[in-house]
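Quick look at start_35.cif (mmCIF, C-alpha atoms):
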data_run
#
loop_
_atom_site.label_atom_id
_atom_site.label_comp_id
_atom_site.auth_asym_id
_atom_site.auth_seq_id
_atom_site.Cartn_x
_atom_site.Cartn_y
_atom_site.Cartn_z
CA MET A 1 43.81 -80.46 -17.70
CA ASP A 2 40.90 -81.36 -19.98
CA GLY A 3 38.75 -82.14 -16.97
CA PHE A 4 39.48 -78.69 -15.58
CA GLU A 5 38.39 -76.99 -18.82
CA VAL A 6 35.09 -78.86 -18.80
CA PHE A 7 34.72 -77.97 -15.14
CA PHE A 8 35.19 -74.26 -15.78
CA VAL A 9 32.86 -74.18 -18.79
CA GLU A 10 30.06 -76.23 -17.27
CA LYS A 11 30.23 -75.37 -13.59
CA TRP A 12 31.64 -71.86 -13.30
CA PRO A 13 28.77 -70.58 -11.11
CA TYR A 14 29.67 -73.26 -8.57
CA LEU A 15 33.09 -71.64 -8.21
CA ALA A 16 31.35 -68.40 -7.18
CA THR A 17 29.56 -70.26 -4.37
CA VAL A 18 32.86 -71.82 -3.28
CA LEU A 19 34.44 -68.36 -3.19
CA MET A 20 31.54 -67.01 -1.13
CA ILE A 21 31.72 -69.95 1.28
CA LEU A 22 35.44 -69.32 1.76
CA ILE A 23 34.89 -65.60 2.35
CA GLY A 24 32.20 -66.44 4.91
CA LEU A 25 34.44 -68.99 6.63
CA TYR A 26 37.29 -66.48 6.70
CA GLY A 27 35.01 -63.91 8.31
CA MET A 28 33.69 -66.39 10.87
CA VAL A 29 37.02 -67.92 11.85
CA LEU A 30 39.66 -65.22 11.50
CA LYS A 31 37.89 -61.91 12.16
CA ARG A 32 38.07 -60.80 15.79
CA ASN A 33 35.01 -58.56 15.92
CA LEU A 34 31.78 -60.41 16.67
CA VAL A 35 29.71 -58.29 14.28
CA LYS A 36 32.16 -59.13 11.50
CA LYS A 37 31.79 -62.81 12.41
CA LEU A 38 28.03 -62.41 12.06
CA ILE A 39 28.46 -60.78 8.65
CA GLY A 40 30.65 -63.73 7.67
CA MET A 41 27.87 -66.11 8.72
CA ASN A 42 25.41 -64.19 6.56
CA ILE A 43 27.76 -64.39 3.57
CA PHE A 44 27.99 -68.14 4.15
CA GLN A 45 24.20 -68.41 4.16
CA GLY A 46 24.06 -66.37 0.96
CA ALA A 47 26.50 -68.82 -0.61
CA ILE A 48 24.30 -71.79 0.30
CA ILE A 49 21.25 -70.01 -1.13
CA LEU A 50 23.15 -69.22 -4.35
CA PHE A 51 24.23 -72.87 -4.57
CA PHE A 52 20.64 -74.11 -4.45
CA ILE A 53 19.36 -71.51 -6.90
CA ILE A 54 22.13 -72.41 -9.36
CA HIS A 55 21.02 -76.04 -9.37
CA GLY A 56 17.39 -75.07 -9.88
CA TRP A 57 18.13 -73.49 -13.23
CA LYS A 58 17.55 -75.32 -16.53
CA ARG A 59 18.90 -74.18 -19.86
CA GLY A 60 16.12 -72.85 -22.12
CA ALA A 61 13.44 -72.84 -19.40
CA THR A 62 11.24 -70.03 -18.10
CA VAL A 63 10.07 -68.94 -14.64
CA PRO A 64 8.03 -71.53 -12.70
CA VAL A 65 4.65 -69.86 -13.33
CA TYR A 66 2.01 -71.73 -15.31
CA ASP A 67 1.49 -70.40 -18.83
CA GLU A 68 -0.94 -71.70 -21.45
CA ALA A 69 1.71 -71.33 -24.12
CA PHE A 70 4.15 -73.65 -22.30
CA GLY A 71 1.64 -76.22 -21.04
CA ASP A 72 2.67 -78.90 -18.55
CA LEU A 73 6.03 -79.85 -20.03
CA PRO A 74 8.61 -79.96 -17.17
CA ALA A 75 11.47 -78.96 -19.47
CA ASN A 76 9.82 -75.56 -20.05
CA TYR A 77 9.96 -74.43 -16.41
CA VAL A 78 12.91 -74.10 -14.05
CA ASN A 79 12.88 -76.34 -10.99
CA PRO A 80 10.55 -74.76 -8.37
CA ILE A 81 11.83 -76.82 -5.42
CA PRO A 82 15.09 -74.91 -4.75
CA HIS A 83 13.22 -71.63 -4.97
CA GLY A 84 10.72 -72.71 -2.34
CA LEU A 85 13.39 -74.19 -0.07
CA MET A 86 15.52 -71.07 -0.31
CA LEU A 87 12.53 -68.88 0.48
CA THR A 88 12.38 -70.82 3.74
CA ALA A 89 16.14 -70.54 4.21
CA ILE A 90 16.11 -66.76 3.75
CA VAL A 91 13.42 -66.39 6.42
CA VAL A 92 15.33 -68.65 8.81
CA SER A 93 18.57 -66.75 8.17
CA VAL A 94 16.82 -63.48 9.00
CA ALA A 95 15.54 -65.04 12.23
CA THR A 96 18.98 -66.33 13.26
CA THR A 97 20.53 -62.97 12.43
CA GLY A 98 17.96 -61.28 14.66
CA VAL A 99 18.71 -63.56 17.61
CA ALA A 100 22.46 -63.11 17.06
CA LEU A 101 22.11 -59.32 17.02
CA ALA A 102 20.08 -59.42 20.24
CA LEU A 103 22.84 -61.50 21.87
CA LEU A 104 25.50 -59.12 20.57
CA SER A 105 23.63 -56.16 21.99
CA LEU A 106 23.52 -57.91 25.38
CA ILE A 107 27.25 -58.65 25.20
CA TYR A 108 28.02 -55.06 24.32
CA LYS A 109 25.91 -53.69 27.15
CA ARG A 110 27.51 -56.03 29.65
CA PHE A 111 31.16 -55.83 28.61
CA GLY A 112 31.34 -52.61 26.64
CA THR A 113 33.16 -54.25 23.73
CA LEU A 114 32.60 -56.67 20.87
CA GLU A 115 36.25 -57.52 20.23
CA GLU A 116 36.85 -61.20 20.86
CA ASP A 117 40.26 -60.93 22.51
CA GLU A 118 39.15 -58.15 24.86
CA LEU A 119 36.09 -60.22 25.82
CA LEU A 120 38.23 -63.30 26.48
CA ARG A 121 40.68 -61.27 28.57
CA GLU A 122 37.84 -59.90 30.65
CA LEU A 123 36.24 -63.32 31.09
CA ARG A 124 39.53 -64.91 32.15
CA ALA A 125 40.35 -62.09 34.57
CA GLU A 126 37.02 -62.42 36.42
CA PRO A 127 35.75 -66.02 36.32
CA ALA A 128 32.71 -65.22 38.48
CA GLY A 129 31.69 -62.40 36.18
CA ALA A 130 29.19 -60.86 38.57
CA PRO A 131 31.28 -58.14 40.29
CA SER A 132 32.86 -57.00 37.03
CA SER A 133 29.50 -56.78 35.30
CA GLY A 134 28.09 -54.81 38.25
CA GLU A 135 30.88 -52.28 37.85
CA MET A 136 30.25 -52.12 34.15
CA ALA A 137 26.52 -51.61 34.67
CA SER A 138 27.10 -48.78 37.13
CA GLN A 139 29.52 -47.09 34.75
CA ARG A 140 27.10 -47.40 31.90
CA GLU A 141 24.24 -45.98 33.94
CA ASP A 142 26.33 -42.92 34.73
CA VAL A 143 26.74 -42.42 31.05
CA GLU A 144 23.17 -43.12 30.10
CA GLY A 145 21.36 -41.04 32.72
CA ALA A 146 19.42 -41.25 35.98
CA GLU A 147 16.43 -43.24 34.78
CA PRO A 148 17.36 -46.60 36.43
CA ASP A 149 18.21 -44.85 39.72
CA ASP A 150 14.71 -43.40 39.95
CA GLY A 151 13.27 -46.86 39.50
CA GLY A 152 15.46 -48.14 42.34
CA GLN A 153 14.39 -45.41 44.79
CA ARG A 154 10.76 -46.16 44.22
CA MET B 1 50.29 -69.69 14.77
CA GLY B 2 46.65 -70.51 15.39
CA ARG B 3 45.59 -68.01 12.76
CA VAL B 4 47.91 -69.54 10.16
CA LEU B 5 46.48 -72.96 10.98
CA ALA B 6 42.93 -71.63 10.61
CA PHE B 7 43.82 -70.08 7.26
CA LEU B 8 45.25 -73.41 6.07
CA VAL B 9 42.04 -75.16 7.16
CA ILE B 10 40.01 -72.65 5.12
CA VAL B 11 42.21 -73.26 2.05
CA ALA B 12 41.78 -77.02 2.56
CA VAL B 13 38.00 -76.58 2.69
CA GLY B 14 38.19 -74.69 -0.61
CA VAL B 15 40.21 -77.48 -2.22
CA VAL B 16 37.76 -80.11 -1.00
CA LEU B 17 34.78 -78.10 -2.28
CA VAL B 18 36.31 -77.65 -5.75
CA TYR B 19 37.17 -81.36 -5.82
CA ALA B 20 33.58 -82.21 -4.89
CA GLY B 21 32.37 -79.90 -7.67
CA PHE B 22 33.63 -82.35 -10.28
CA GLY B 23 30.81 -84.70 -9.33
CA LEU B 24 28.07 -82.12 -9.78
CA PRO B 25 25.80 -82.03 -12.83
CA ALA B 26 26.52 -79.32 -15.41
CA PHE B 27 25.05 -75.83 -14.96
CA GLY B 28 21.58 -75.66 -16.53
CA ASP B 29 21.41 -79.35 -17.43
CA PRO B 30 17.69 -80.26 -17.85
CA ASN B 31 18.44 -83.92 -17.02
CA ALA B 32 20.21 -83.20 -13.74
CA PRO B 33 19.00 -85.38 -10.86
CA ALA B 34 17.71 -82.34 -8.98
CA SER B 35 15.29 -81.43 -11.77
CA THR B 36 13.93 -84.78 -12.88
CA HIS B 37 11.99 -86.83 -10.37
CA VAL B 38 9.80 -84.93 -7.92
CA SER B 39 10.27 -81.58 -9.62
CA ASP B 40 8.65 -82.92 -12.81
CA ALA B 41 5.70 -84.24 -10.84
CA TYR B 42 5.22 -80.85 -9.17
CA ILE B 43 5.35 -78.98 -12.47
CA GLU B 44 2.92 -81.37 -14.15
CA HIS B 45 0.34 -81.48 -11.37
CA ALA B 46 0.64 -78.16 -9.53
CA TYR B 47 -1.71 -76.09 -11.68
CA HIS B 48 -4.35 -78.84 -11.92
CA ASP B 49 -4.22 -79.67 -8.20
CA ALA B 50 -4.33 -76.16 -6.74
CA HIS B 51 -5.43 -73.88 -9.61
CA THR B 52 -2.63 -71.48 -8.76
CA PRO B 53 -0.32 -70.59 -11.64
CA ASN B 54 2.78 -70.06 -9.49
CA PHE B 55 4.44 -73.43 -8.85
CA VAL B 56 6.56 -72.10 -5.99
CA THR B 57 3.45 -70.94 -4.17
CA VAL B 58 1.74 -74.28 -4.69
CA MET B 59 4.81 -76.11 -3.47
CA ILE B 60 5.25 -74.03 -0.32
CA ALA B 61 1.64 -73.57 0.68
CA ASP B 62 0.06 -76.82 -0.57
CA TYR B 63 2.45 -79.73 -1.06
CA ARG B 64 4.87 -78.78 1.70
CA SER B 65 2.62 -76.76 3.97
CA PHE B 66 3.79 -78.64 7.08
CA ASP B 67 7.31 -77.54 6.26
CA THR B 68 6.06 -73.97 6.13
CA LEU B 69 4.28 -74.46 9.45
CA GLY B 70 7.56 -75.60 11.00
CA GLU B 71 9.28 -72.60 9.49
CA SER B 72 6.75 -70.26 11.04
CA ILE B 73 7.40 -71.96 14.40
CA VAL B 74 11.12 -71.28 13.90
CA VAL B 75 10.44 -67.62 13.20
CA PHE B 76 8.11 -67.38 16.19
CA THR B 77 10.74 -68.97 18.45
CA ALA B 78 13.38 -66.55 17.18
CA GLY B 79 11.11 -63.58 17.78
CA LEU B 80 10.30 -64.84 21.27
CA ALA B 81 14.01 -65.35 22.01
CA CYS B 82 14.79 -61.80 20.86
CA PHE B 83 11.97 -60.42 22.99
CA LEU B 84 13.02 -62.30 26.12
CA LEU B 85 16.72 -61.48 25.69
CA LEU B 86 16.16 -57.76 25.24
CA ARG B 87 13.55 -57.60 27.99
CA SER B 88 15.72 -59.44 30.54
CA GLU B 89 18.52 -56.97 29.79
CA ARG B 90 16.25 -53.99 30.49
CA ARG B 91 15.00 -55.55 33.74
CA ARG B 92 18.49 -56.53 34.91
CA LYS B 93 19.71 -52.99 34.36
CA ARG B 94 16.82 -51.57 36.37
CA GLN B 95 17.48 -53.99 39.26
CA GLY B 96 21.19 -53.16 39.15
CA GLY B 97 20.30 -49.49 39.59
CA GLY B 98 18.15 -50.43 42.61
CA GLN B 99 21.05 -52.22 44.26
CA GLN B 100 23.35 -49.28 43.67
CA THR B 101 21.21 -46.70 45.48
#
Please lay out the structure from this file as structure tokens.
Amino acid sequence: MDGFEVFFVEKWPYLATVLMILIGLYGMVLKRNLVKKLIGMNIFQGAIILFFIIHGWKRGATVPVYDEAFGDLPANYVNPIPHGLMLTAIVVSVATTGVALALLSLIYKRFGTLEEDELLRELRAEPAGAPSSGEMASQREDVEGAEPDDGGQR
Amino acid sequence: MGRVLAFLVIVAVGVVLVYAGFGLPAFGDPNAPASTHVSDAYIEHAYHDAHTPNFVTVMIADYRSFDTLGESIVVFTAGLACFLLLRSERRRKRQGGGQQT
């Protein structure tokens, strides 16, 4: 039990990252909507970023910007490496989210749904995929207007 | 059944992560391995090497600039992928309309 007390006193922010990782995993694995899965992935990435930032912090240190008053002493500044790495990670996570949203938009336009079980049912019903998607496209064009038809006549 | 199994796997991952947390250094420990070796060297030399007060800037743009170059390639690839995906969808829809009429 003593070990647990030390754990909670010294490493309580780590428990927050564990909680966030579990929420992200829950969203990715158990949610059936693809957008919710994507949100789960983003929560997971946020947990990883939080984990790195936590381990960059030093007790009694200031921001990693040079100051005459603090000089060159490493103990006076928090660790700049996790901050730089997580800057990169945030940019990459935005990029992956963008690609994922583009794919989701394609899936929605082709199948008309983002629910996983409906998508699987549709994919299993029509293994070739082409005729079903053609039907879907024609239905969607009726809804959206006559613009593609004009292009076809020309 | 599968969902219960997945939930159990998630709980197991949580247990493993908390167990692994016992090996981590304490929160805010100045002598943690992450903030001793290369981090000290960066803090000591960054201002004198690059004459930029912000250590994070020096690290990203000077010491690890190739890493940043790779990152920009990643972002470019992602943007290109988005562009091609959305464009192919627009073109496919237009061709589908042509086949219909």
Using only C-alpha atoms, which chain B residues lie at most 8 Å away from chain A, written as number ranges by chain?
B: 3, 6-7, 10-11, 13-14, 17-18, 21-22, 26-30, 34-35, 39-40, 43-45, 47, 53-57, 59-60, 68, 71, 74-75, 78-79, 81-82, 85-86, 89, 93-101
From atom CA of Met20 of chain A to atom CA of Met1 of chain B the spacing works out at 24.7 Å
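In this comparison, which uses only C-alpha atoms, the residue of A:Ile107, A:Val35, A:Ala69, A:Ala16 approaching Leu50 of chain A most closely is A:Ala16.
Atom CA of Ala125 of chain A to atom CA of Leu34 of chain A spans 19.9 Å [interatomic distance, one decimal].
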Can you turn the PyMOL selection byres ((chain A and resi 115) around 8) into a concrete residue list for this file, as a ChimeraX atom specification?
/A:32-34,113-114,116-119
Can you tell me how far atom CA of Met41 of chain A sits from atom CA of Gly27 of chain A, in Å to one decimal?
7.5 Å
Output segment 17-40 of chain A with N, CA and C atoms present, as a PDB file, keeping the file's coordinate frame.
ATOM      1  N   THR A  17      30.047 -69.863  -5.700  1.00  0.00           N
ATOM      2  CA  THR A  17      29.560 -70.260  -4.370  1.00  0.00           C
ATOM      3  C   THR A  17      30.715 -70.703  -3.488  1.00  0.00           C
ATOM      4  N   VAL A  18      31.706 -71.409  -4.082  1.00  0.00           N
ATOM      5  CA  VAL A  18      32.860 -71.820  -3.280  1.00  0.00           C
ATOM      6  C   VAL A  18      33.586 -70.597  -2.740  1.00  0.00           C
ATOM      7  N   LEU A  19      33.756 -69.590  -3.618  1.00  0.00           N
ATOM      8  CA  LEU A  19      34.440 -68.360  -3.190  1.00  0.00           C
ATOM      9  C   LEU A  19      33.661 -67.689  -2.053  1.00  0.00           C
ATOM     10  N   MET A  20      32.339 -67.653  -2.185  1.00  0.00           N
ATOM     11  CA  MET A  20      31.540 -67.010  -1.130  1.00  0.00           C
ATOM     12  C   MET A  20      31.624 -67.783   0.161  1.00  0.00           C
ATOM     13  N   ILE A  21      31.611 -69.125   0.066  1.00  0.00           N
ATOM     14  CA  ILE A  21      31.720 -69.950   1.280  1.00  0.00           C
ATOM     15  C   ILE A  21      33.056 -69.678   1.971  1.00  0.00           C
ATOM     16  N   LEU A  22      34.121 -69.555   1.158  1.00  0.00           N
ATOM     17  CA  LEU A  22      35.440 -69.320   1.760  1.00  0.00           C
ATOM     18  C   LEU A  22      35.507 -67.944   2.403  1.00  0.00           C
ATOM     19  N   ILE A  23      34.904 -66.937   1.738  1.00  0.00           N
ATOM     20  CA  ILE A  23      34.890 -65.600   2.350  1.00  0.00           C
ATOM     21  C   ILE A  23      34.125 -65.640   3.666  1.00  0.00           C
ATOM     22  N   GLY A  24      32.988 -66.348   3.678  1.00  0.00           N
ATOM     23  CA  GLY A  24      32.200 -66.440   4.910  1.00  0.00           C
ATOM     24  C   GLY A  24      32.968 -67.157   6.002  1.00  0.00           C
ATOM     25  N   LEU A  25      33.653 -68.260   5.638  1.00  0.00           N
ATOM     26  CA  LEU A  25      34.440 -68.990   6.630  1.00  0.00           C
ATOM     27  C   LEU A  25      35.559 -68.112   7.175  1.00  0.00           C
ATOM     28  N   TYR A  26      36.220 -67.381   6.259  1.00  0.00           N
ATOM     29  CA  TYR A  26      37.290 -66.480   6.700  1.00  0.00           C
ATOM     30  C   TYR A  26      36.759 -65.465   7.704  1.00  0.00           C
ATOM     31  N   GLY A  27      35.591 -64.885   7.390  1.00  0.00           N
ATOM     32  CA  GLY A  27      35.010 -63.910   8.310  1.00  0.00           C
ATOM     33  C   GLY A  27      34.668 -64.527   9.647  1.00  0.00           C
ATOM     34  N   MET A  28      34.117 -65.771   9.618  1.00  0.00           N
ATOM     35  CA  MET A  28      33.690 -66.390  10.870  1.00  0.00           C
ATOM     36  C   MET A  28      34.869 -66.816  11.718  1.00  0.00           C
ATOM     37  N   VAL A  29      35.936 -67.320  11.078  1.00  0.00           N
ATOM     38  CA  VAL A  29      37.020 -67.920  11.850  1.00  0.00           C
ATOM     39  C   VAL A  29      38.076 -66.888  12.228  1.00  0.00           C
ATOM     40  N   LEU A  30      38.463 -66.025  11.292  1.00  0.00           N
ATOM     41  CA  LEU A  30      39.660 -65.220  11.500  1.00  0.00           C
ATOM     42  C   LEU A  30      39.376 -63.784  11.938  1.00  0.00           C
ATOM     43  N   LYS A  31      38.168 -63.268  11.704  1.00  0.00           N
ATOM     44  CA  LYS A  31      37.890 -61.910  12.160  1.00  0.00           C
ATOM     45  C   LYS A  31      37.712 -61.914  13.674  1.00  0.00           C
ATOM     46  N   ARG A  32      38.129 -60.808  14.324  1.00  0.00           N
ATOM     47  CA  ARG A  32      38.070 -60.800  15.790  1.00  0.00           C
ATOM     48  C   ARG A  32      36.852 -60.066  16.323  1.00  0.00           C
ATOM     49  N   ASN A  33      36.199 -59.291  15.470  1.00  0.00           N
ATOM     50  CA  ASN A  33      35.010 -58.560  15.920  1.00  0.00           C
ATOM     51  C   ASN A  33      33.774 -59.440  15.724  1.00  0.00           C
ATOM     52  N   LEU A  34      32.911 -59.486  16.736  1.00  0.00           N
ATOM     53  CA  LEU A  34      31.780 -60.410  16.670  1.00  0.00           C
ATOM     54  C   LEU A  34      30.788 -60.019  15.593  1.00  0.00           C
ATOM     55  N   VAL A  35      30.622 -58.708  15.345  1.00  0.00           N
ATOM     56  CA  VAL A  35      29.710 -58.290  14.280  1.00  0.00           C
ATOM     57  C   VAL A  35      30.247 -58.737  12.927  1.00  0.00           C
ATOM     58  N   LYS A  36      31.573 -58.671  12.766  1.00  0.00           N
ATOM     59  CA  LYS A  36      32.160 -59.130  11.500  1.00  0.00           C
ATOM     60  C   LYS A  36      31.979 -60.629  11.343  1.00  0.00           C
ATOM     61  N   LYS A  37      32.071 -61.366  12.467  1.00  0.00           N
ATOM     62  CA  LYS A  37      31.790 -62.810  12.410  1.00  0.00           C
ATOM     63  C   LYS A  37      30.361 -63.054  11.939  1.00  0.00           C
ATOM     64  N   LEU A  38      29.438 -62.247  12.459  1.00  0.00           N
ATOM     65  CA  LEU A  38      28.030 -62.410  12.060  1.00  0.00           C
ATOM     66  C   LEU A  38      27.854 -62.119  10.575  1.00  0.00           C
ATOM     67  N   ILE A  39      28.549 -61.085  10.082  1.00  0.00           N
ATOM     68  CA  ILE A  39      28.460 -60.780   8.650  1.00  0.00           C
ATOM     69  C   ILE A  39      29.027 -61.942   7.842  1.00  0.00           C
ATOM     70  N   GLY A  40      30.104 -62.558   8.337  1.00  0.00           N
ATOM     71  CA  GLY A  40      30.650 -63.730   7.670  1.00  0.00           C
ATOM     72  C   GLY A  40      29.643 -64.862   7.609  1.00  0.00           C
TER      73      GLY A  40
END
